[in-house]
Every structure is written in structure tokens, then in C-alpha cells.
Amino acid sequence: MKAFLLTLLLSVSILFANAQSVGLVLSGGGAKGLAHIGVIRAMEENNIPIDYISGTSMGAIVGGLYAAGYTPDEMEELFQSEQFMFWATGKIQEEYRYYFRKLEQTPAWLNLDLQKTEDRLKILLPTNIIPEEQIDFAFMEMFSSTNAVCNYDFNNLMVPFLCIATDIYENKEVELRDGDLGEAIRASMTFPLYFKPITIDGVLVFDGGIVNNFPVKNTIEAFQPDIIIGHKVANNSKQPSQDDVMAQLENMIMQKTDYEVPENKGLLLETSFSNVNLLDFNKILTIEEAGYKTTLAQMDSIKMLIKRRVSQETLTQKRRNFNLRKPELLFQNIQVEGVTDPMQRKYIIQSVKHKNNVINLDELRHEYFKLVADPQLRSIRPVSFYNKETGYFDLHLKVTKEKSLEIKFGGNVSTKPINQGFLSLDYLFFDNRAYTLSTNIYFGRFYSSIKAGGRIDFPTSLPFYLSGYLTLNRWDFFTSSNEFFFEDVSSPYIIQDENNVRFELGFPVKTHGKLTLGTSFSSAADAYYFNESIKKDDSSEETKFDAFSTKISFERNSQNYKQYATEGLSSELNFTYTVGSEKHKPGTNSPLNREYNGSQDYYTLKAKYERYYPISRNFSLGFEVDGVFSNKKFLNNYTATMLAANTFSPTPFSQTLFMKKYRANKYLASGLKTIFNLSNQMHFRLEGYSFTPAQEIILGENFQAAYASDYFSTLNLMAMGGLVYHSGLGPLSLTLNYFDKENTKFYVVFSFGYVLFNKRGY
């Protein structure tokens, strides 16, 4: 009998020993948190069970993915993917860059909002560096089906899970164990100023690492595991120096975390890095391998601590059974939060569903990013809820409208005399249509302008817009010394004033294109001298050209930047018909001794195609082809003809120079571009172009324009090379520019911002 009881007691002891439950705790730490994948991989390969999992920030992302049924291989593939790069940077993939809703390009760096409070206007600064639409949609996509399986209770995941966020107002931790899994992870990894914070249960929350970067105590209290395995990749902030501002901010934001596992409760694994920064996600394989090696080095201790084993076959079957229960993402009912006007809700819902009853994920993604491109909407956060009665998902769009009044400022700062400032004020509102009223001003020595007008968008089954603008433009081309880097400028020898009124009707063509019909009235007044030697009392030649134009145009654009693009395409095909009258008034020293009045009508056909192709991860090749054909006649004299001729100016700096060799009524041009990507934001580019006029315009007798006798007999080259850094505000560039022109051929230009102008008349 005693032997039987002893055997029974020993069997029960072994059974309970083998029934140990294990909790895995993962710290935050940015890209270093990818080492958690290596820890999970090593534990699975050695049949070490993971019964509960918890994490903060990056630990919450890896832990949440594992709890949702992702394998280490799938997580590794995800973090290596191009999609993850778009989530981390907020950039939108080329196939979802919706061109139709974009307003006319400006050199704006920064958007500020005006908010009226207590009869005062208050300027609101941006709250985040990285646009959040990409990450919000990605988390909805990845975790919606998982939410349906677990019924919004994290205890019902493949592995029970919790994560930590921070209550901003109370400055205390928020433990997340139920609700929307994607929202919980999104909250836990929302680092201040990097991503925009979100609201959960009425509480505005940030990154959990601010208050608790290693939730060991939470795991013990919530799940009561027998054993804790903790993996730490982060450290508390070091004492800052007087000159280290970032370290000072980190100490103010991040509270000290207790990175310990109770001695009688488990084991702490620690992976240290000396050359991995917060956002070095491109080093995933190296980082993951380090976590894997850390775990293998402690595997004997882990196995002594944990006697229980779970075979990989058993784990694979458990994961398969969980994933098979996930329903397909099909969306039926759409609700809009954040807007109260029923016409505004109708506008948003109609923009997504049109007349469809049910839409799939791909359809939703395309329509979602169209809404993201809508200037009326500041942000759109999609949250889904599984409807058991219908078997479809209900989609809740948490919308933040753009503030009614928006200020933008920007421009260009350069070592050349082309500096300009830019300021705009937009008023936006919508009901069943979207209205954008805009006004802007450019101010600078080279270029100045004022524009006012607006656009109305109609979200019908075939969307379209109507726009109208009044614009006053002025360009001053200066004489200058032939300095290589800096220039001394004197009086302008060419002044171009151009005023126009434009009206346009536009329709979308798929994602990247639009078809427009337009008409404009423009009045151009050019003041110039026949040479650059100008005396104080000299009066200029004056040529005025008033024109009425109609235009039909097809455009496509999917480029990633409005200047110095590295991917995507830009193409244009347009036909313009113009009727105009010319008036010329001679200057004081003019060889043309009488005034001239004339008229002409002509058409212009213009085509352009620019495309970039990725050859490898760090190298892209682009090309550009341009062509113009026009039956425009010569104006009264050679200079006036050249000023009115079609211009080839493919680089930013070339748009600021008056160069006769790149102007013609009819021409062909082409270019080749090589892009060497040094990082996600910096690249080195080399561009070379050739320009050949169908017939070169030459100076004839009595300062008249004439055509050269031979066709396509002249070839002029242009080149640019340099470093470009795309900051969050605008491009910073250092370039060497070559032009086939008299006097100075090479220019070194250091510039920050954009060289962009308001549009001329057609």
C-alpha cells in the first residue's frame, strides 16, 4: 500500500512538473525588438512551450503577431517586406497614389492649422512626423480576422496576450487585454511625435514604454504562469550631458523601468547591441540572429527550468486550427465617426462604397487611399467589427476633418539668387461636395506671384471637379558675375509679367491619371533689352501678348516626391489651341524704331513621359522623353520670340535661367537618370539630357527671328549630379549643374526646398 501511494505521489509530482505554464515577456526597444523573433524561433525549435505572451512597444508588435497565429518565418518575411517600409515611413505605395484629388503643387514645407478659441485664432503645430494612415490600415488588415476569432478577448487568441500603453493625461500605464488587437498594438508602439496618438475607451494613449517597458508584473498578475522567460533589448535612459538635447528629452519622457524577472519565477535573457539604432529595421536578419544566439546560449538553463515540452507538430496544428477559423475580410456596413453633418457622412461613405453592397479588401484599400488623398480630411482611421449575423465586417471610419483654415509656408533657400518665400491660406469645407478655396503668395527677388481661386469636387459614380484661379506671375532674370558657387547680381535684364484666369473641368482616369478640359485668358508682358549692358536711364523693349486658349490634357503621376523623384511615373499629353494679339513698344536704344501690332492663332501639341525602374534595392534607373510640336509664328523680334518659345527645363535649377539653346517652337529631348539610394531618405543622382530643336531659332537681320536651314542639326546637352536628402519638410540638395551655354557652363547649387511656380495661362 505504501509503495502504491509513493508511486501515485511521484506520478502526480511529475505530472504537475510537466504541466508548467510559461509566460514570455518582451521589452520595447525599436528595431532592436526584432531580436524577439529569434527568441521565439529558438524556443519553438527546442519544443519550449509559450502559453502566455506580453510586450510593450516593439515587444507588443512581435508578441501580438505571435498571439494572432504568425510563425517566426512569417514575421521575418513581414518585417523584410516593402510593405513594412511603407508602414514605418508613412509613404504610400505607387499603386495607391491617387492623383486626381491632389491640388496644384506648391513649394510648401509645413502645414499649420488655425483654430478659433474664445474669439482668438490659435496656430496648431503638427502632432506627428510620420503619416499614420499606412500603419492604421495595415493593423486593421492584419488583425480584423483575428478579432473575429477571439471575439475581442485576448485570452482567446492562439496564445493569451496583453500589452501596455500610456495614459497621456494621467501619465500612468494602461493594460490592454481585450478590445481590438490592432488598436491595442498600435497604442503600445505610438512613440511621441513619431506617430499620432489614438483614443481607446475615451483615453488618449501613447507608447507603453514611457511608463512600463517590460511588463513582467502585469504578466504574473494577469496569467499567473509558473515560469517567466523575459527578453530585454532596451535599457533605461543614460544620464544626459548638457549638449545632448535628445538624451535630455528621452529622460524627461521615459520613466525608469524595472528590467528584472523574480529569481524564483524564471529567467531573464538580454541581447545587447552597439550598432543598432531605433529605426534600423533593415538590419532584421542580424538583429534576429542575435536574439536567437542569446536564447541558445541559455537553452540548457531554460530546459532545466521548464520540464514540459510541446512538439512542433502539435504547435503547427494548433496554429493551423486557429488560422482556419479566420473569416475573409468582406465589408458591408460603413459608419463614419468624427463628422456630424449627414451630408458629410454621405460624401465619405459614397466615396468608399459607391453603389456596391459588399466590398472586398482590395477594393477598400483603393478607395481608402483615395480618401487619404482628399485634402478635406486630415486623417482616417479604419476600425472593423465582425458582424456575426451577416458574416461580414462592419467598417467604422474614425475621421478627423481638416481644419477649416490651413496655413502653409515654404519656398526655396539657395546659394544662387533664386531664393523665394511661400505662404498660402486655404479654406476647406464639404457637405455632399468638397470645396477648397485657396490663395497664396510667393515673394522673392527672382520670382513673385499671387494666386486666388478654388475647386469643387463632386463624388459621383464618375467623380469630377470644377476649378477656377486668378494668378499674377512675375519673373526677373538678372545679369550676374560668372562665379562658380556664389553670384553677384545686378539689375534685371528680362522681366516677365504674366497674368491669367484659368478654368478647368477634370475627370479621374484609374488611380494615377486624370483627363482635363480647360480654358484660360492670359496677358503676358515682357520687358527686356537686346543685350545685358544696361545703363541707368535706358528703357526696355516691351512686348505684350494677350491670348485666349483652350486645352485638353491627359496626365498621369505616381511619383513619390514632387521634386527629385526616385520612383513612379509622370506623363502628360496635351493639345492647346490659342488665339492672341501682340503689341510691341521699342525701348530708348532700340534698333526697332516703331511700334508693332499683330495677331496670330496656333496650336501646340506637347508630350512628356518620365519613369523610374528599380534595378536593385539600392539602384534605380530612370528615363525621360519630351516632345513639342507647334505652328506658332515668330513674334516681332528675336528676343520676344525666344521668350515665348517652348522651354525644356527638366532640372530644378534649369527653370531659373533664361537659356536660348533650350528653347524652340518644335523640339525633341530625352534624358537618362541613375539613382543610388544611400538610405530611405538620401540618394545620389546623376542625370544627363539631350535637346534638339526641329529647326533652331536664330538671330536674323534687323533683330528678327529666323529658322536655321537644316532640320535637327543642333544637339545641346544638359547634366546634373549631386546628393539629395528628403527631409520631413523638403529636399536638401547639393548639385553640380552643366548647361551648354555661353560664359558659365558649370554651377554648384546648395538648396533647401522646392523650385515650383504658380501655373501660367494655357
# chains A, B, ... in the order shown; residues from 1 in each chain; ligands from 1
>>> closest_atom_pairs(of="region 266-371 of chain A", to="region 88-107 of chain A", cutoff="12 Å", atoms="only C-alpha atoms", output="tab-separated table")
residue	atom	partner	partner_atom	distance
A:Leu278	CA	A:Ala88	CA	11.6
A:Leu279	CA	A:Ala88	CA	8.6
A:Asp280	CA	A:Ala88	CA	10.7
A:Phe281	CA	A:Ala88	CA	9.0
A:Asn282	CA	A:Ala88	CA	11.2
A:Ser351	CA	A:Arg101	CA	11.9
A:Asp362	CA	A:Tyr96	CA	10.7
A:Glu363	CA	A:Tyr96	CA	11.2
A:Leu364	CA	A:Tyr96	CA	11.3
A:Arg365	CA	A:Tyr96	CA	8.1
A:His366	CA	A:Tyr96	CA	6.2
A:Glu367	CA	A:Tyr96	CA	8.9
A:Tyr368	CA	A:Tyr96	CA	9.1
A:Phe369	CA	A:Tyr96	CA	6.1
A:Lys370	CA	A:Tyr98	CA	5.5
A:Leu371	CA	A:Arg101	CA	8.6
>>> select_by_dssp(residues="region 404-433 of chain A", states="strand (DSSP E)", output="number ranges by chain")
A: 405-414, 420-430
>>> closest_residue(among="A:Ser188, A:Ser522, A:Ser590, A:Asn264", to="Leu305 (chain A)", atoms="only C-alpha atoms")
A:Asn264
>>> closest_atom_pairs(of="region 577-673 of chain A", to="region 709-718 of chain A", cutoff="9 Å", atoms="only C-alpha atoms", output="CSV")
residue,atom,partner,partner_atom,distance
A:Lys661,CA,A:Asn716,CA,6.9
A:Tyr662,CA,A:Asn716,CA,7.4
A:Tyr667,CA,A:Phe712,CA,8.4
A:Leu668,CA,A:Phe712,CA,8.9
A:Gly671,CA,A:Met718,CA,8.9
>>> closest_atom_pairs(of="region 281-313 of chain A", to="region 33-37 of chain A", cutoff="8 Å", atoms="only C-alpha atoms", output="tab-separated table")
residue	atom	partner	partner_atom	distance
A:Phe281	CA	A:Leu34	CA	7.9
A:Ile284	CA	A:Leu34	CA	6.3
A:Ile287	CA	A:Ala35	CA	5.1
A:Glu288	CA	A:Ala35	CA	4.1
A:Glu289	CA	A:Ala35	CA	7.0
A:Ala290	CA	A:Ala35	CA	6.3
A:Gly291	CA	A:Ala35	CA	4.3
A:Tyr292	CA	A:Ala35	CA	7.2
>>> residues_around(residues="region 631-645 of chain A", least_positions_apart="3", cutoff="6 Å", atoms="only C-alpha atoms", output="list in words")
Tyr602, Arg663, Ala664, Asn665, Leu699, Phe703, Gln704 and Ala705 of chain A
>>> residues_around(residues="Tyr469 (chain A)", least_positions_apart="6", cutoff="10 Å", atoms="only C-alpha atoms", output="number ranges by chain")
A: 437-439, 451-455, 500-504, 520, 759
>>> write_last_selection(atoms="all heavy atoms", output="CSV table (one decimal), in the first residue's frame")
chain,number,residue,atom,x,y,z
A,437,LEU,N,-11.1,76.6,-51.1
A,437,LEU,CA,-10.8,78.0,-51.5
A,437,LEU,C,-9.3,78.2,-51.2
A,437,LEU,O,-8.9,78.0,-50.0
A,437,LEU,CB,-11.7,79.0,-50.9
A,437,LEU,CG,-13.2,78.7,-51.1
A,437,LEU,CD1,-14.0,79.8,-50.4
A,437,LEU,CD2,-13.6,78.7,-52.6
A,438,SER,N,-8.5,78.7,-52.1
A,438,SER,CA,-7.1,78.8,-51.9
A,438,SER,C,-6.6,80.2,-52.3
A,438,SER,O,-7.1,80.8,-53.3
A,438,SER,CB,-6.3,77.8,-52.7
A,438,SER,OG,-6.7,76.5,-52.4
A,439,THR,N,-5.6,80.7,-51.6
A,439,THR,CA,-4.9,81.9,-52.0
A,439,THR,C,-3.5,81.7,-51.6
A,439,THR,O,-3.2,81.1,-50.5
A,439,THR,CB,-5.5,83.2,-51.4
A,439,THR,OG1,-4.8,84.3,-51.9
A,439,THR,CG2,-5.5,83.1,-49.9
A,451,LYS,N,-1.9,84.1,-56.2
A,451,LYS,CA,-3.0,83.3,-56.8
A,451,LYS,C,-4.2,83.2,-55.8
A,451,LYS,O,-4.0,83.2,-54.6
A,451,LYS,CB,-2.5,81.9,-57.1
A,451,LYS,CG,-3.5,81.0,-57.8
A,451,LYS,CD,-3.0,79.6,-58.1
A,451,LYS,CE,-3.2,78.7,-56.9
A,451,LYS,NZ,-2.9,77.3,-57.3
A,452,ALA,N,-5.4,83.3,-56.4
A,452,ALA,CA,-6.6,83.1,-55.6
A,452,ALA,C,-7.6,82.3,-56.5
A,452,ALA,O,-7.7,82.5,-57.7
A,452,ALA,CB,-7.2,84.4,-55.2
A,453,GLY,N,-8.4,81.5,-55.8
A,453,GLY,CA,-9.4,80.7,-56.6
A,453,GLY,C,-9.9,79.5,-55.7
A,453,GLY,O,-9.8,79.5,-54.5
A,454,GLY,N,-10.4,78.5,-56.4
A,454,GLY,CA,-11.0,77.4,-55.7
A,454,GLY,C,-11.3,76.2,-56.6
A,454,GLY,O,-11.2,76.3,-57.8
A,455,ARG,N,-11.7,75.2,-55.9
A,455,ARG,CA,-12.1,73.9,-56.6
A,455,ARG,C,-13.3,73.3,-55.9
A,455,ARG,O,-13.3,73.3,-54.7
A,455,ARG,CB,-10.9,73.0,-56.6
A,455,ARG,CG,-11.1,71.6,-57.0
A,455,ARG,CD,-9.8,70.8,-57.2
A,455,ARG,NE,-10.0,69.4,-57.2
A,455,ARG,CZ,-9.2,68.5,-57.6
A,455,ARG,NH1,-8.0,68.9,-58.1
A,455,ARG,NH2,-9.4,67.2,-57.6
A,500,ASN,N,-3.2,85.6,-65.5
A,500,ASN,CA,-4.1,84.7,-66.2
A,500,ASN,C,-5.3,84.4,-65.3
A,500,ASN,O,-5.2,84.4,-64.1
A,500,ASN,CB,-3.4,83.4,-66.6
A,500,ASN,CG,-2.9,82.6,-65.5
A,500,ASN,OD1,-3.7,81.8,-64.9
A,500,ASN,ND2,-1.6,82.6,-65.2
A,501,VAL,N,-6.4,84.0,-66.0
A,501,VAL,CA,-7.5,83.4,-65.4
A,501,VAL,C,-7.8,82.1,-66.0
A,501,VAL,O,-7.9,82.0,-67.3
A,501,VAL,CB,-8.8,84.3,-65.6
A,501,VAL,CG1,-10.0,83.7,-65.0
A,501,VAL,CG2,-8.6,85.7,-65.0
A,502,ARG,N,-7.9,81.0,-65.2
A,502,ARG,CA,-8.0,79.7,-65.7
A,502,ARG,C,-9.2,79.0,-65.2
A,502,ARG,O,-9.5,79.1,-64.0
A,502,ARG,CB,-6.7,78.8,-65.4
A,502,ARG,CG,-5.4,79.3,-66.0
A,502,ARG,CD,-4.3,78.4,-65.5
A,502,ARG,NE,-4.0,78.7,-64.1
A,502,ARG,CZ,-4.1,77.8,-63.1
A,502,ARG,NH1,-4.6,76.6,-63.4
A,502,ARG,NH2,-3.7,78.1,-61.9
A,503,PHE,N,-9.9,78.2,-66.0
A,503,PHE,CA,-11.0,77.3,-65.6
A,503,PHE,C,-10.7,75.9,-66.1
A,503,PHE,O,-10.2,75.7,-67.2
A,503,PHE,CB,-12.3,77.9,-66.1
A,503,PHE,CG,-12.7,79.2,-65.6
A,503,PHE,CD1,-12.4,80.4,-66.4
A,503,PHE,CD2,-13.3,79.4,-64.4
A,503,PHE,CE1,-12.7,81.6,-66.0
A,503,PHE,CE2,-13.6,80.7,-63.9
A,503,PHE,CZ,-13.3,81.8,-64.7
A,504,GLU,N,-11.1,74.9,-65.2
A,504,GLU,CA,-10.8,73.6,-65.6
A,504,GLU,C,-11.9,72.6,-65.1
A,504,GLU,O,-12.4,72.8,-64.0
A,504,GLU,CB,-9.4,73.2,-64.9
A,504,GLU,CG,-8.8,72.0,-65.5
A,504,GLU,CD,-7.3,71.8,-65.0
A,504,GLU,OE1,-7.1,71.3,-63.9
A,504,GLU,OE2,-6.4,72.3,-65.7
A,520,SER,N,-8.4,79.4,-70.7
A,520,SER,CA,-7.7,80.4,-70.0
A,520,SER,C,-7.7,81.7,-70.8
A,520,SER,O,-7.6,81.7,-72.0
A,520,SER,CB,-6.3,80.0,-69.5
A,520,SER,OG,-5.5,80.0,-70.7
A,759,LYS,N,1.0,78.3,-61.9
A,759,LYS,CA,0.8,78.0,-63.3
A,759,LYS,C,0.6,79.2,-64.1
A,759,LYS,O,0.0,80.2,-63.7
A,759,LYS,CB,-0.4,77.0,-63.5
A,759,LYS,CG,-0.1,75.6,-63.1
A,759,LYS,CD,-1.2,74.7,-63.5
A,759,LYS,CE,-0.9,73.2,-63.1
A,759,LYS,NZ,-2.0,72.3,-63.5
>>> closest_residue(among="A:Leu24, A:Leu377, A:Val149, A:Leu296", to="Leu267 (chain A)", atoms="only C-alpha atoms")
A:Leu24
>>> atom_distance(atom1="CA of His396 (chain A)", atom2="CA of Glu337 (chain A)")
7.0 Å
>>> closest_residue(among="A:Asn147, A:Asn275, A:Gln83, A:Thr471", to="Ile441 (chain A)", atoms="only C-alpha atoms")
A:Thr471
